[in-house]
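So this block is data.cif, mmCIF, C-alpha atoms:
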```
data_model
#
loop_
_atom_site.label_atom_id
_atom_site.label_comp_id
_atom_site.auth_asym_id
_atom_site.auth_seq_id
_atom_site.Cartn_x
_atom_site.Cartn_y
_atom_site.Cartn_z
CA MET A 1 -66.83 -45.99 143.81
CA ASP A 2 -66.98 -43.97 140.59
CA GLU A 3 -67.33 -46.49 137.74
CA ARG A 4 -67.21 -43.88 134.99
CA ILE A 5 -64.31 -44.07 132.53
CA PRO A 6 -61.61 -41.47 133.36
CA LEU A 7 -60.95 -39.06 130.48
CA VAL A 8 -58.28 -36.47 129.75
CA ILE A 9 -58.47 -34.10 126.78
CA HIS A 10 -55.21 -32.49 125.67
CA GLY A 11 -56.42 -29.48 123.68
CA SER A 12 -59.90 -29.16 125.15
CA THR A 13 -60.64 -25.67 123.81
CA GLY A 14 -59.87 -26.44 120.17
CA SER A 15 -62.25 -27.76 117.55
CA ILE A 16 -61.68 -31.46 118.33
CA GLY A 17 -61.62 -30.86 122.07
CA THR A 18 -64.92 -29.01 122.20
CA GLN A 19 -66.58 -31.58 119.96
CA THR A 20 -65.24 -34.39 122.15
CA LEU A 21 -66.90 -32.81 125.18
CA ASP A 22 -70.14 -32.52 123.22
CA VAL A 23 -69.94 -36.26 122.41
CA VAL A 24 -69.26 -37.02 126.09
CA LYS A 25 -72.48 -35.22 127.00
CA ARG A 26 -74.40 -37.10 124.32
CA LEU A 27 -73.12 -40.42 125.65
CA GLN A 28 -74.31 -39.86 129.21
CA GLY A 29 -76.33 -42.82 130.40
CA LYS A 30 -75.02 -44.93 127.50
CA ARG A 31 -71.29 -44.83 128.12
CA ASP A 32 -70.28 -42.56 130.94
CA PHE A 33 -66.97 -40.72 131.11
CA ARG A 34 -65.57 -38.78 134.05
CA VAL A 35 -63.66 -35.77 132.77
CA TYR A 36 -60.54 -35.98 134.93
CA GLY A 37 -58.38 -33.40 133.18
CA LEU A 38 -58.47 -30.68 130.54
CA ALA A 39 -55.49 -28.90 128.97
CA CYS A 40 -55.31 -25.93 126.63
CA ASN A 41 -52.78 -23.42 125.38
CA GLY A 42 -54.34 -20.16 126.48
CA ASN A 43 -58.10 -19.88 125.80
CA ILE A 44 -59.02 -19.49 129.46
CA GLU A 45 -62.42 -17.96 128.71
CA LEU A 46 -63.62 -21.21 127.15
CA LEU A 47 -61.67 -23.37 129.59
CA GLU A 48 -63.39 -21.62 132.48
CA LYS A 49 -66.79 -22.58 131.05
CA GLN A 50 -65.61 -26.17 130.57
CA ILE A 51 -64.39 -26.33 134.16
CA ILE A 52 -67.72 -25.07 135.48
CA GLU A 53 -69.69 -27.57 133.38
CA PHE A 54 -67.52 -30.71 133.61
CA LYS A 55 -65.79 -30.14 136.96
CA PRO A 56 -62.45 -31.80 136.12
CA ASP A 57 -59.98 -32.64 138.87
CA VAL A 58 -57.20 -30.84 137.00
CA ALA A 59 -56.98 -28.12 134.36
CA VAL A 60 -53.70 -27.11 132.73
CA VAL A 61 -52.95 -23.92 130.83
CA VAL A 62 -49.67 -23.96 128.89
CA ASP A 63 -49.43 -20.15 128.94
CA GLU A 64 -48.35 -19.48 132.52
CA ASN A 65 -49.66 -15.90 132.59
CA LYS A 66 -53.04 -17.09 131.38
CA ALA A 67 -53.03 -19.81 134.05
CA GLU A 68 -52.64 -17.17 136.76
CA GLN A 69 -55.50 -15.19 135.26
CA LEU A 70 -57.68 -18.30 135.31
CA LYS A 71 -56.86 -18.95 138.97
CA GLN A 72 -57.96 -15.42 139.79
CA LYS A 73 -61.19 -15.84 137.84
CA LEU A 74 -62.01 -19.05 139.74
CA ASP A 75 -60.88 -17.73 143.14
CA GLY A 76 -63.69 -17.63 145.67
CA ARG A 77 -65.93 -20.04 143.78
CA SER A 78 -66.79 -23.47 145.08
CA ILE A 79 -64.72 -25.16 142.37
CA ARG A 80 -62.27 -27.89 143.34
CA THR A 81 -60.42 -28.04 140.02
CA GLU A 82 -56.67 -27.68 140.47
CA VAL A 83 -55.23 -25.25 137.92
CA LEU A 84 -51.66 -25.93 136.79
CA ALA A 85 -49.41 -24.10 134.34
CA GLY A 86 -46.85 -24.92 131.68
CA GLU A 87 -46.21 -27.36 128.86
CA LYS A 88 -44.61 -29.90 131.18
CA GLU A 89 -47.73 -30.06 133.33
CA ALA A 90 -49.87 -30.51 130.21
CA ILE A 91 -47.75 -33.53 129.28
CA ASN A 92 -47.84 -34.88 132.84
CA LEU A 93 -51.63 -34.65 132.79
CA CYS A 94 -51.67 -37.30 130.05
CA ASP A 95 -50.03 -39.89 132.27
CA SER A 96 -51.91 -38.90 135.43
CA ILE A 97 -54.57 -41.56 134.74
CA SER A 98 -54.29 -45.17 133.62
CA ASN A 99 -56.77 -47.58 132.01
CA GLY A 100 -58.68 -44.53 130.86
CA TYR A 101 -58.94 -42.49 127.69
CA VAL A 102 -56.61 -39.65 126.74
CA VAL A 103 -57.81 -37.71 123.70
CA ILE A 104 -54.99 -35.95 121.87
CA ALA A 105 -56.86 -33.05 120.28
CA THR A 106 -53.95 -30.69 119.65
CA ALA A 107 -52.53 -29.99 116.20
CA GLY A 108 -48.84 -29.74 115.41
CA PHE A 109 -45.63 -31.29 116.71
CA ALA A 110 -46.59 -30.35 120.28
CA GLY A 111 -48.95 -33.35 120.35
CA LEU A 112 -46.15 -35.94 120.22
CA ALA A 113 -44.93 -35.87 123.83
CA PRO A 114 -48.48 -36.02 125.32
CA THR A 115 -49.25 -38.98 123.04
CA LEU A 116 -46.24 -40.96 124.24
CA ALA A 117 -46.98 -40.06 127.87
CA ALA A 118 -50.57 -41.28 127.57
CA ILE A 119 -49.48 -44.56 126.00
CA GLU A 120 -46.82 -45.24 128.62
CA ALA A 121 -49.41 -44.80 131.37
CA GLY A 122 -51.53 -47.56 129.84
CA ASN A 123 -54.37 -45.52 128.39
CA THR A 124 -56.46 -45.89 125.26
CA VAL A 125 -55.48 -42.94 123.07
CA PRO A 126 -57.97 -41.53 120.55
CA ILE A 127 -55.77 -39.21 118.53
CA ALA A 128 -56.56 -36.37 116.14
CA ASN A 129 -52.94 -35.26 115.86
CA LYS A 130 -51.53 -36.45 112.55
CA GLU A 131 -48.15 -34.84 113.24
CA ALA A 132 -47.40 -37.35 116.00
CA PHE A 133 -47.77 -40.31 113.62
CA LEU A 134 -46.19 -38.31 110.81
CA THR A 135 -42.97 -37.61 112.70
CA ALA A 136 -42.68 -40.54 115.11
CA GLY A 137 -45.02 -43.29 113.99
CA ARG A 138 -42.54 -46.06 114.73
CA LEU A 139 -41.95 -44.82 118.27
CA ILE A 140 -45.70 -44.59 118.89
CA THR A 141 -46.56 -48.04 117.58
CA ASP A 142 -43.58 -49.63 119.35
CA SER A 143 -44.70 -48.05 122.63
CA ALA A 144 -48.32 -49.09 122.05
CA LYS A 145 -47.21 -52.70 121.52
CA LYS A 146 -45.01 -52.59 124.63
CA HIS A 147 -47.81 -51.29 126.83
CA ASN A 148 -50.55 -53.25 125.02
CA VAL A 149 -52.78 -50.23 124.44
CA GLU A 150 -55.03 -49.04 121.63
CA ILE A 151 -54.20 -46.01 119.49
CA LEU A 152 -57.45 -45.04 117.76
CA PRO A 153 -57.46 -42.42 114.98
CA ILE A 154 -60.00 -39.59 115.20
CA ASP A 155 -59.03 -37.90 111.92
CA SER A 156 -61.96 -38.57 109.60
CA GLU A 157 -59.88 -40.32 106.92
CA PRO A 158 -57.89 -42.86 108.98
CA ASN A 159 -60.97 -43.31 111.17
CA ALA A 160 -62.97 -44.17 108.04
CA ILE A 161 -60.34 -46.69 106.96
CA TRP A 162 -60.41 -48.22 110.44
CA GLN A 163 -64.21 -48.53 110.24
CA THR A 164 -64.04 -50.24 106.85
CA LEU A 165 -61.70 -52.85 108.29
CA GLU A 166 -63.93 -53.75 111.22
CA PRO A 167 -66.43 -56.62 111.19
CA GLU A 168 -69.79 -55.41 112.45
CA ILE A 169 -71.12 -58.73 113.77
CA TYR A 170 -69.45 -60.28 116.81
CA PRO A 171 -70.46 -62.18 119.97
CA ASP A 172 -71.47 -59.88 122.84
CA SER A 173 -69.18 -61.73 125.21
CA GLU A 174 -66.07 -61.43 123.05
CA ALA A 175 -63.61 -58.80 124.15
CA ARG A 176 -61.80 -57.69 121.03
CA HIS A 177 -59.09 -55.37 119.86
CA SER A 178 -59.53 -52.96 116.98
CA ALA A 179 -58.38 -53.60 113.43
CA VAL A 180 -55.82 -50.84 114.05
CA TRP A 181 -54.35 -52.89 116.91
CA HIS A 182 -54.12 -56.01 114.72
CA MET A 183 -52.66 -54.19 111.68
CA GLN A 184 -49.95 -52.60 113.83
CA ARG A 185 -48.95 -56.08 114.99
CA GLY A 186 -48.61 -57.52 111.50
CA ALA A 187 -51.88 -59.45 111.27
CA LYS A 188 -52.66 -61.08 107.92
CA HIS A 189 -55.20 -59.20 105.81
CA ASN A 190 -56.66 -58.96 102.31
CA VAL A 191 -56.13 -55.23 101.82
CA ASP A 192 -54.32 -54.19 98.64
CA SER A 193 -54.37 -50.40 99.09
CA PHE A 194 -56.02 -47.55 100.93
CA ILE A 195 -58.33 -44.97 99.35
CA LEU A 196 -57.75 -41.51 100.83
CA THR A 197 -60.38 -38.96 99.86
CA CYS A 198 -59.67 -35.25 99.60
CA SER A 199 -62.09 -32.33 99.35
CA GLY A 200 -59.66 -30.36 97.18
CA GLY A 201 -59.82 -27.37 99.52
CA PRO A 202 -60.91 -23.82 98.69
CA PHE A 203 -58.59 -23.52 95.66
CA ARG A 204 -59.49 -26.74 93.83
CA GLU A 205 -60.50 -24.86 90.63
CA TRP A 206 -57.89 -22.08 90.79
CA ASP A 207 -55.13 -21.94 88.18
CA SER A 208 -51.44 -21.55 89.01
CA GLU A 209 -51.34 -17.78 88.46
CA ALA A 210 -54.34 -17.19 90.71
CA LEU A 211 -52.79 -19.33 93.46
CA LYS A 212 -49.79 -16.98 93.61
CA LYS A 213 -52.15 -14.22 94.74
CA ALA A 214 -54.22 -16.28 97.20
CA THR A 215 -54.72 -14.49 100.53
CA LEU A 216 -54.84 -15.79 104.07
CA GLN A 217 -58.56 -15.04 104.32
CA GLN A 218 -59.24 -17.03 101.16
CA ALA A 219 -57.11 -19.94 102.36
CA LEU A 220 -59.08 -20.09 105.61
CA ARG A 221 -62.43 -20.53 103.83
CA HIS A 222 -62.56 -24.32 103.69
CA PRO A 223 -65.72 -25.39 101.83
CA ASN A 224 -66.67 -28.27 104.15
CA TRP A 225 -64.78 -28.45 107.43
CA ASP A 226 -64.38 -26.16 110.44
CA MET A 227 -60.78 -26.52 111.65
CA GLY A 228 -57.99 -24.51 113.24
CA LYS A 229 -55.71 -22.21 111.24
CA LEU A 230 -52.80 -24.64 110.77
CA ILE A 231 -54.93 -27.52 109.47
CA THR A 232 -57.12 -25.23 107.34
CA ILE A 233 -54.13 -23.68 105.55
CA ARG A 234 -52.62 -27.13 105.10
CA SER A 235 -55.90 -28.20 103.56
CA ALA A 236 -55.67 -25.28 101.14
CA THR A 237 -52.18 -26.31 99.99
CA LEU A 238 -53.22 -30.01 100.15
CA MET A 239 -50.22 -30.60 102.43
CA ASN A 240 -52.73 -31.88 104.96
CA LYS A 241 -53.68 -34.64 102.55
CA GLY A 242 -50.06 -35.48 101.83
CA MET A 243 -49.37 -35.72 105.55
CA GLU A 244 -52.38 -38.00 105.93
CA VAL A 245 -50.73 -40.36 103.44
CA ILE A 246 -47.79 -40.73 105.83
CA GLU A 247 -50.10 -40.82 108.86
CA ILE A 248 -52.22 -43.64 107.41
CA ALA A 249 -49.18 -45.59 106.26
CA SER A 250 -47.76 -45.27 109.77
CA ILE A 251 -50.98 -46.13 111.61
CA PHE A 252 -51.72 -49.24 109.55
CA GLY A 253 -48.16 -50.34 108.86
CA VAL A 254 -48.07 -50.09 105.06
CA PRO A 255 -45.81 -48.29 102.51
CA VAL A 256 -46.90 -44.77 101.55
CA ASP A 257 -47.38 -45.86 97.93
CA LYS A 258 -50.22 -48.11 99.10
CA VAL A 259 -52.19 -44.96 100.02
CA LYS A 260 -53.88 -43.39 96.99
CA ILE A 261 -55.47 -39.94 97.01
CA VAL A 262 -58.69 -39.15 95.15
CA VAL A 263 -60.38 -35.74 95.19
CA HIS A 264 -64.01 -35.94 96.34
CA PRO A 265 -65.37 -32.38 96.73
CA GLN A 266 -68.54 -33.37 98.63
CA SER A 267 -66.55 -34.87 101.56
CA ILE A 268 -69.22 -37.50 102.15
CA ILE A 269 -67.06 -40.56 101.46
CA HIS A 270 -64.35 -40.21 104.08
CA SER A 271 -61.95 -42.91 102.81
CA GLY A 272 -61.80 -46.67 102.45
CA VAL A 273 -59.88 -49.70 101.26
CA GLU A 274 -59.39 -51.75 98.12
CA PHE A 275 -58.99 -55.49 98.64
CA ILE A 276 -56.75 -57.84 96.71
CA ASP A 277 -59.72 -59.04 94.62
CA GLY A 278 -60.43 -55.49 93.43
CA SER A 279 -63.48 -54.96 95.64
CA GLN A 280 -63.69 -51.68 97.50
CA LYS A 281 -65.25 -50.75 100.82
CA VAL A 282 -65.67 -47.13 101.91
CA GLN A 283 -67.11 -45.29 104.89
CA GLN A 284 -69.42 -42.34 104.37
CA GLY A 285 -71.44 -39.95 106.47
CA PRO A 286 -71.96 -36.26 107.27
CA HIS A 287 -68.86 -34.08 107.44
CA ASP A 288 -69.14 -33.83 111.21
CA MET A 289 -66.09 -34.74 113.31
CA ARG A 290 -68.30 -35.88 116.19
CA TYR A 291 -68.99 -39.10 114.28
CA PRO A 292 -65.36 -40.34 114.25
CA ILE A 293 -64.86 -39.02 117.79
CA ALA A 294 -67.86 -41.04 119.00
CA TYR A 295 -66.66 -44.19 117.25
CA SER A 296 -63.25 -43.84 118.94
CA LEU A 297 -64.85 -43.42 122.36
CA THR A 298 -67.41 -46.23 122.06
CA PHE A 299 -65.60 -49.00 120.10
CA PRO A 300 -66.34 -51.92 119.86
CA ASP A 301 -69.93 -50.71 120.21
CA ARG A 302 -71.84 -48.25 118.06
CA ILE A 303 -73.97 -45.90 120.15
CA ASP A 304 -76.56 -43.45 118.86
CA THR A 305 -75.50 -39.95 119.91
CA GLY A 306 -78.48 -38.22 118.32
CA LEU A 307 -76.43 -36.49 115.65
CA LYS A 308 -78.04 -35.51 112.37
CA ARG A 309 -77.86 -38.34 109.87
CA LEU A 310 -76.93 -38.28 106.21
CA GLU A 311 -79.73 -38.14 103.65
CA LEU A 312 -78.22 -39.47 100.45
CA ALA A 313 -80.89 -37.90 98.27
CA SER A 314 -79.91 -34.47 99.59
CA VAL A 315 -76.30 -35.00 98.46
CA GLY A 316 -77.44 -35.42 94.87
CA ARG A 317 -74.12 -36.55 93.37
CA PHE A 318 -70.64 -37.78 94.16
CA ASP A 319 -67.70 -36.43 92.12
CA PHE A 320 -64.17 -37.83 91.94
CA GLU A 321 -60.99 -36.67 90.22
CA GLU A 322 -57.24 -37.06 90.40
CA PRO A 323 -55.34 -34.48 92.50
CA ASP A 324 -53.34 -31.95 90.46
CA MET A 325 -49.83 -32.36 91.83
CA GLU A 326 -48.41 -29.58 89.65
CA ARG A 327 -50.69 -26.92 91.12
CA PHE A 328 -50.43 -28.51 94.58
CA PRO A 329 -46.82 -29.75 94.87
CA SER A 330 -47.15 -30.27 98.63
CA ILE A 331 -48.67 -33.71 97.95
CA GLY A 332 -45.56 -34.84 96.09
CA LEU A 333 -43.31 -33.45 98.83
CA ALA A 334 -45.20 -35.51 101.41
CA TYR A 335 -44.91 -38.70 99.37
CA ARG A 336 -41.20 -37.99 98.97
CA ALA A 337 -40.73 -37.53 102.73
CA GLY A 338 -42.72 -40.68 103.40
CA ARG A 339 -40.58 -42.74 101.02
CA LEU A 340 -37.37 -41.34 102.53
CA GLY A 341 -38.62 -42.17 106.03
CA GLY A 342 -36.47 -41.61 109.09
CA THR A 343 -36.27 -37.95 110.03
CA ALA A 344 -37.63 -36.70 106.67
CA PRO A 345 -41.30 -36.53 107.81
CA ALA A 346 -40.24 -34.52 110.87
CA VAL A 347 -38.47 -32.07 108.56
CA LEU A 348 -41.55 -31.91 106.33
CA ASN A 349 -43.72 -31.07 109.32
CA GLY A 350 -41.37 -28.55 110.92
CA ALA A 351 -40.71 -26.78 107.62
CA ASP A 352 -44.40 -26.66 106.81
CA GLU A 353 -45.47 -25.33 110.22
CA THR A 354 -42.91 -22.54 109.88
CA ALA A 355 -43.94 -21.77 106.29
CA VAL A 356 -47.58 -21.59 107.41
CA GLU A 357 -46.56 -19.12 110.12
CA LEU A 358 -44.78 -16.93 107.56
CA PHE A 359 -47.78 -17.04 105.23
CA SER A 360 -50.16 -16.24 108.09
CA GLU A 361 -48.04 -13.21 108.96
CA GLY A 362 -48.19 -11.98 105.35
CA ARG A 363 -44.45 -12.39 104.86
CA ILE A 364 -44.58 -14.93 102.00
CA GLY A 365 -47.06 -15.82 99.28
CA PHE A 366 -49.22 -18.93 99.11
CA THR A 367 -47.07 -20.73 96.52
CA GLN A 368 -43.83 -19.94 98.38
CA MET A 369 -44.74 -22.37 101.15
CA PRO A 370 -43.99 -25.57 99.20
CA GLU A 371 -40.84 -23.94 97.75
CA LEU A 372 -39.40 -23.47 101.24
CA ILE A 373 -40.38 -27.00 102.27
CA ARG A 374 -38.75 -28.50 99.18
CA SER A 375 -35.57 -26.59 99.92
CA ALA A 376 -35.50 -27.97 103.48
CA LEU A 377 -35.97 -31.55 102.28
CA ASP A 378 -33.21 -31.06 99.70
CA ALA A 379 -30.78 -29.82 102.34
CA HIS A 380 -31.58 -32.35 105.05
CA VAL A 381 -29.46 -35.45 105.65
CA VAL A 382 -31.97 -38.14 106.62
CA LYS A 383 -31.29 -40.28 109.68
CA GLN A 384 -33.06 -43.65 109.68
CA ASN A 385 -34.65 -45.23 112.78
CA PRO A 386 -34.31 -41.98 114.75
CA THR A 387 -34.71 -41.66 118.49
CA LEU A 388 -37.17 -39.17 119.95
CA ALA A 389 -34.30 -36.75 120.57
CA GLU A 390 -33.20 -37.02 116.94
CA ILE A 391 -36.76 -36.40 115.72
CA ILE A 392 -37.00 -33.29 117.90
CA THR A 393 -33.62 -32.12 116.57
CA ALA A 394 -34.74 -32.64 112.95
CA ASP A 395 -37.93 -30.70 113.59
CA SER A 396 -35.99 -27.82 115.15
CA TRP A 397 -33.44 -27.86 112.32
CA ALA A 398 -36.22 -27.61 109.71
CA ARG A 399 -37.82 -24.62 111.43
CA ASP A 400 -34.49 -22.82 111.69
CA TYR A 401 -33.65 -23.66 108.07
CA VAL A 402 -36.90 -22.22 106.70
CA ARG A 403 -36.51 -19.02 108.74
CA LYS A 404 -32.92 -18.68 107.53
CA GLU A 405 -33.94 -19.25 103.90
CA PHE A 406 -36.67 -16.64 104.24
CA ASN A 407 -34.35 -14.08 105.86
CA GLU A 408 -31.70 -14.63 103.18
CA SER A 409 -34.26 -14.16 100.41
CA VAL A 410 -35.47 -10.92 102.00
CA SER A 411 -31.87 -9.73 102.34
CA ALA A 412 -31.15 -10.56 98.69
CA LYS A 413 -34.24 -8.67 97.51
CA THR A 414 -33.24 -5.66 99.61
CA LYS A 415 -29.75 -5.65 98.04
CA ASP A 416 -31.23 -5.90 94.54
CA THR A 417 -33.60 -3.02 95.29
CA ASN A 418 -30.80 -0.85 96.65
CA ALA A 419 -28.60 -1.68 93.66
CA GLY A 420 -31.42 -0.71 91.32
CA ARG A 421 -31.83 2.63 93.09
CA LYS A 422 -28.11 3.37 92.72
CA LEU A 423 -28.22 2.62 88.98
CA ARG A 424 -31.18 4.93 88.51
CA ARG A 425 -29.25 7.69 90.20
#
```
If you convert what's in this file into structure tokens, what do you get?
Amino acid sequence: MDERIPLVIHGSTGSIGTQTLDVVKRLQGKRDFRVYGLACNGNIELLEKQIIEFKPDVAVVVDENKAEQLKQKLDGRSIRTEVLAGEKEAINLCDSISNGYVVIATAGFAGLAPTLAAIEAGNTVPIANKEAFLTAGRLITDSAKKHNVEILPIDSEPNAIWQTLEPEIYPDSEARHSAVWHMQRGAKHNVDSFILTCSGGPFREWDSEALKKATLQQALRHPNWDMGKLITIRSATLMNKGMEVIEIASIFGVPVDKVKIVVHPQSIIHSGVEFIDGSQKVQQGPHDMRYPIAYSLTFPDRIDTGLKRLELASVGRFDFEEPDMERFPSIGLAYRAGRLGGTAPAVLNGADETAVELFSEGRIGFTQMPELIRSALDAHVVKQNPTLAEIITADSWARDYVRKEFNESVSAKTKDTNAGRKLRR
């Protein structure tokens, strides 16, 4: 009988997915996982290598054409991995195991359905997808309580807060739940507020006029972290940090105003808590996502994975400053959506994802992104305590609204240009 812990990774070819597999290798002989399933959107070249190395039972490719190509590439080899296609199969993969671990490594709204599926199947869910908690935190925590499972944050900031809340000395024989589990169930605590650190992104020292001319290439040059396009651009606008405010509030069951952002360019202190007596406790370490991934996979133990450790003397100094919410209005928009609650965070996310797409395509400028998001929040009628269907509807509405606003602005500019040409004639 295979006593290894079954593991599914939804988003195995992305940054978090590949680093999770690296951690799994590093844990061999210390805590052994059996990679049951891998899912990706369309990077079949990397998925093929992962299949050969980890030999999962199932691999899912959301892009159906790419899935067929992968089947052809594997045809004739002595590989028993079943290759499936489509988004539905990727979601089904997350409830194909139980009492295992399902790592949600995908970014964006697409991570919500896999998260809920993994919970309902009774799995521990290490999650790097802030959009799931951002848009449907109540549904996630309610489901986690119902099925008595752990939802463990991988994102470096909520993971750091989780670590600061944990006692490090406990009897070996005591089976225990995480501080996240207890906070979600209303346990008493001495926390006054949460400290959320922020690198400041690539444009921390840029003035407002320069930001108007910021390019996609410049926005993708994050000074500390290696992430996908969506998260990297959100980090440049600081929307990522605003969304983390809502994410953390949702994960730990506190109001958004209890989460306070401080800019820390070195990204060594990853976040922390302030207690009711004014004392603070923070978690720090290298800016390497494999550390929070490992903690999520090994809790309640700490296991040495052989990663490079932090040498404080090499850091030299720690700097802190308040975020500039005038130059980076996305932070304020996120706080606003978090205070409104209900479907507002889903609108924030959907509008932002669409604005990022438009910016990535060169169709709008850097500072136009928050303008479109603000317009969507202004126009939206918030529904409180939404169902999953209502959250999906709000997300879809926000995307359509931003596209419509963009198209109307382009149309208006075209009319103005044509009118100007007629006058010159």
Shell around Glu89 of chain A at 8 Å using only C-alpha atoms, local window under 4 positions removed, as JSON, numbers by chain: {"A": [60, 62, 84, 85, 93]}
Tell me, in Å to one decimal, how far atom CA of Arg34 of chain A is from atom CA of Ile161 of chain A. 28.7 Å
Up to 9 Å from (-34.1, -28.8, 107.8) in the file's coordinates: name the residues, counting only C-alpha atoms, as a ChimeraX atom specification. /A:344,346-348,350-351,373,375-381,394-402
Counting all atoms listed in the file, which residues come within 12 Å of (-53.0, -42.5, 94.2), with the point read in the file's coordinates, and could you list them as a list in words? Ser193, Phe194, Ile195, Leu196, Thr197, Cys198, Lys241, Gly242, Val245, Val256, Asp257, Lys258, Val259, Lys260, Ile261, Val262, Val263, Glu274, Glu321, Glu322, Pro323, Asp324, Met325, Ile331, Gly332 and Tyr335 of chain A
I need the chosen residues saved as a PDB file, in the frame of the given file, with C-alpha atoms.
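For reference, out-v3.pdb as written:
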```
ATOM      1  CA  SER A 193     -54.370 -50.400  99.090  1.00  0.00           C
ATOM      2  CA  PHE A 194     -56.020 -47.550 100.930  1.00  0.00           C
ATOM      3  CA  ILE A 195     -58.330 -44.970  99.350  1.00  0.00           C
ATOM      4  CA  LEU A 196     -57.750 -41.510 100.830  1.00  0.00           C
ATOM      5  CA  THR A 197     -60.380 -38.960  99.860  1.00  0.00           C
ATOM      6  CA  CYS A 198     -59.670 -35.250  99.600  1.00  0.00           C
ATOM      7  CA  LYS A 241     -53.680 -34.640 102.550  1.00  0.00           C
ATOM      8  CA  GLY A 242     -50.060 -35.480 101.830  1.00  0.00           C
ATOM      9  CA  VAL A 245     -50.730 -40.360 103.440  1.00  0.00           C
ATOM     10  CA  VAL A 256     -46.900 -44.770 101.550  1.00  0.00           C
ATOM     11  CA  ASP A 257     -47.380 -45.860  97.930  1.00  0.00           C
ATOM     12  CA  LYS A 258     -50.220 -48.110  99.100  1.00  0.00           C
ATOM     13  CA  VAL A 259     -52.190 -44.960 100.020  1.00  0.00           C
ATOM     14  CA  LYS A 260     -53.880 -43.390  96.990  1.00  0.00           C
ATOM     15  CA  ILE A 261     -55.470 -39.940  97.010  1.00  0.00           C
ATOM     16  CA  VAL A 262     -58.690 -39.150  95.150  1.00  0.00           C
ATOM     17  CA  VAL A 263     -60.380 -35.740  95.190  1.00  0.00           C
ATOM     18  CA  GLU A 274     -59.390 -51.750  98.120  1.00  0.00           C
ATOM     19  CA  GLU A 321     -60.990 -36.670  90.220  1.00  0.00           C
ATOM     20  CA  GLU A 322     -57.240 -37.060  90.400  1.00  0.00           C
ATOM     21  CA  PRO A 323     -55.340 -34.480  92.500  1.00  0.00           C
ATOM     22  CA  ASP A 324     -53.340 -31.950  90.460  1.00  0.00           C
ATOM     23  CA  MET A 325     -49.830 -32.360  91.830  1.00  0.00           C
ATOM     24  CA  ILE A 331     -48.670 -33.710  97.950  1.00  0.00           C
ATOM     25  CA  GLY A 332     -45.560 -34.840  96.090  1.00  0.00           C
ATOM     26  CA  TYR A 335     -44.910 -38.700  99.370  1.00  0.00           C
TER      27      TYR A 335
END
```
Could you write out as a short mmCIF file (atom, residue, chain, number, x, y, z; two decimals) with C-alpha atoms, keeping the file's coordinate frame the residues that the PyMOL selection byres ((chain A and resi 86) around 12) matches in the shown file?
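This is the output file selection07.cif:
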```cif
data_model
loop_
_atom_site.label_atom_id
_atom_site.label_comp_id
_atom_site.auth_asym_id
_atom_site.auth_seq_id
_atom_site.Cartn_x
_atom_site.Cartn_y
_atom_site.Cartn_z
CA ALA A 39 -55.49 -28.90 128.97
CA CYS A 40 -55.31 -25.93 126.63
CA ASN A 41 -52.78 -23.42 125.38
CA GLY A 42 -54.34 -20.16 126.48
CA ALA A 59 -56.98 -28.12 134.36
CA VAL A 60 -53.70 -27.11 132.73
CA VAL A 61 -52.95 -23.92 130.83
CA VAL A 62 -49.67 -23.96 128.89
CA ASP A 63 -49.43 -20.15 128.94
CA GLU A 64 -48.35 -19.48 132.52
CA ASN A 65 -49.66 -15.90 132.59
CA LYS A 66 -53.04 -17.09 131.38
CA ALA A 67 -53.03 -19.81 134.05
CA GLU A 68 -52.64 -17.17 136.76
CA VAL A 83 -55.23 -25.25 137.92
CA LEU A 84 -51.66 -25.93 136.79
CA ALA A 85 -49.41 -24.10 134.34
CA GLU A 87 -46.21 -27.36 128.86
CA LYS A 88 -44.61 -29.90 131.18
CA GLU A 89 -47.73 -30.06 133.33
CA ALA A 90 -49.87 -30.51 130.21
CA ILE A 91 -47.75 -33.53 129.28
CA ASN A 92 -47.84 -34.88 132.84
CA LEU A 93 -51.63 -34.65 132.79
#
```
With only C-alpha atoms as the counted atoms, please give the residues lying no more than 12 Å from Arg31 of chain A, apart from itself and same-chain residues fewer than 6 positions off, as a tab-separated table (two decimals) with C-alpha atoms, in the frame of the given file.
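Writing the result to out.tsv gives the following:
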```tsv
chain	number	residue	atom	x	y	z
A	3	GLU	CA	-67.33	-46.49	137.74
A	4	ARG	CA	-67.21	-43.88	134.99
A	5	ILE	CA	-64.31	-44.07	132.53
A	6	PRO	CA	-61.61	-41.47	133.36
A	23	VAL	CA	-69.94	-36.26	122.41
A	24	VAL	CA	-69.26	-37.02	126.09
A	25	LYS	CA	-72.48	-35.22	127.00
A	294	ALA	CA	-67.86	-41.04	119.00
A	295	TYR	CA	-66.66	-44.19	117.25
A	297	LEU	CA	-64.85	-43.42	122.36
A	298	THR	CA	-67.41	-46.23	122.06
A	299	PHE	CA	-65.60	-49.00	120.10
A	300	PRO	CA	-66.34	-51.92	119.86
A	301	ASP	CA	-69.93	-50.71	120.21
A	302	ARG	CA	-71.84	-48.25	118.06
A	303	ILE	CA	-73.97	-45.90	120.15
A	304	ASP	CA	-76.56	-43.45	118.86
A	305	THR	CA	-75.50	-39.95	119.91
```
Go through A:Glu311, A:Glu326, A:Glu408, A:Asp32 one by one, measure the shortest atom-to-atom distance of each to Thr237 of chain A using all atoms listed in the file, and give the residue with the smallest value. A:Glu326
Contact table segment 211-324 of chain A vs segment 136-141 of chain A, cut-off 10 Å, shortest pair per residue, only C-alpha atoms, as a tab-separated table:
```
residue	atom	partner	partner_atom	distance
A:Ile246	CA	A:Gly137	CA	9.0
A:Glu247	CA	A:Gly137	CA	7.6
A:Ile248	CA	A:Gly137	CA	9.8
A:Ala249	CA	A:Gly137	CA	9.1
A:Ser250	CA	A:Gly137	CA	5.4
A:Ile251	CA	A:Gly137	CA	7.0
A:Phe252	CA	A:Thr141	CA	9.6
A:Gly253	CA	A:Thr141	CA	9.2
```
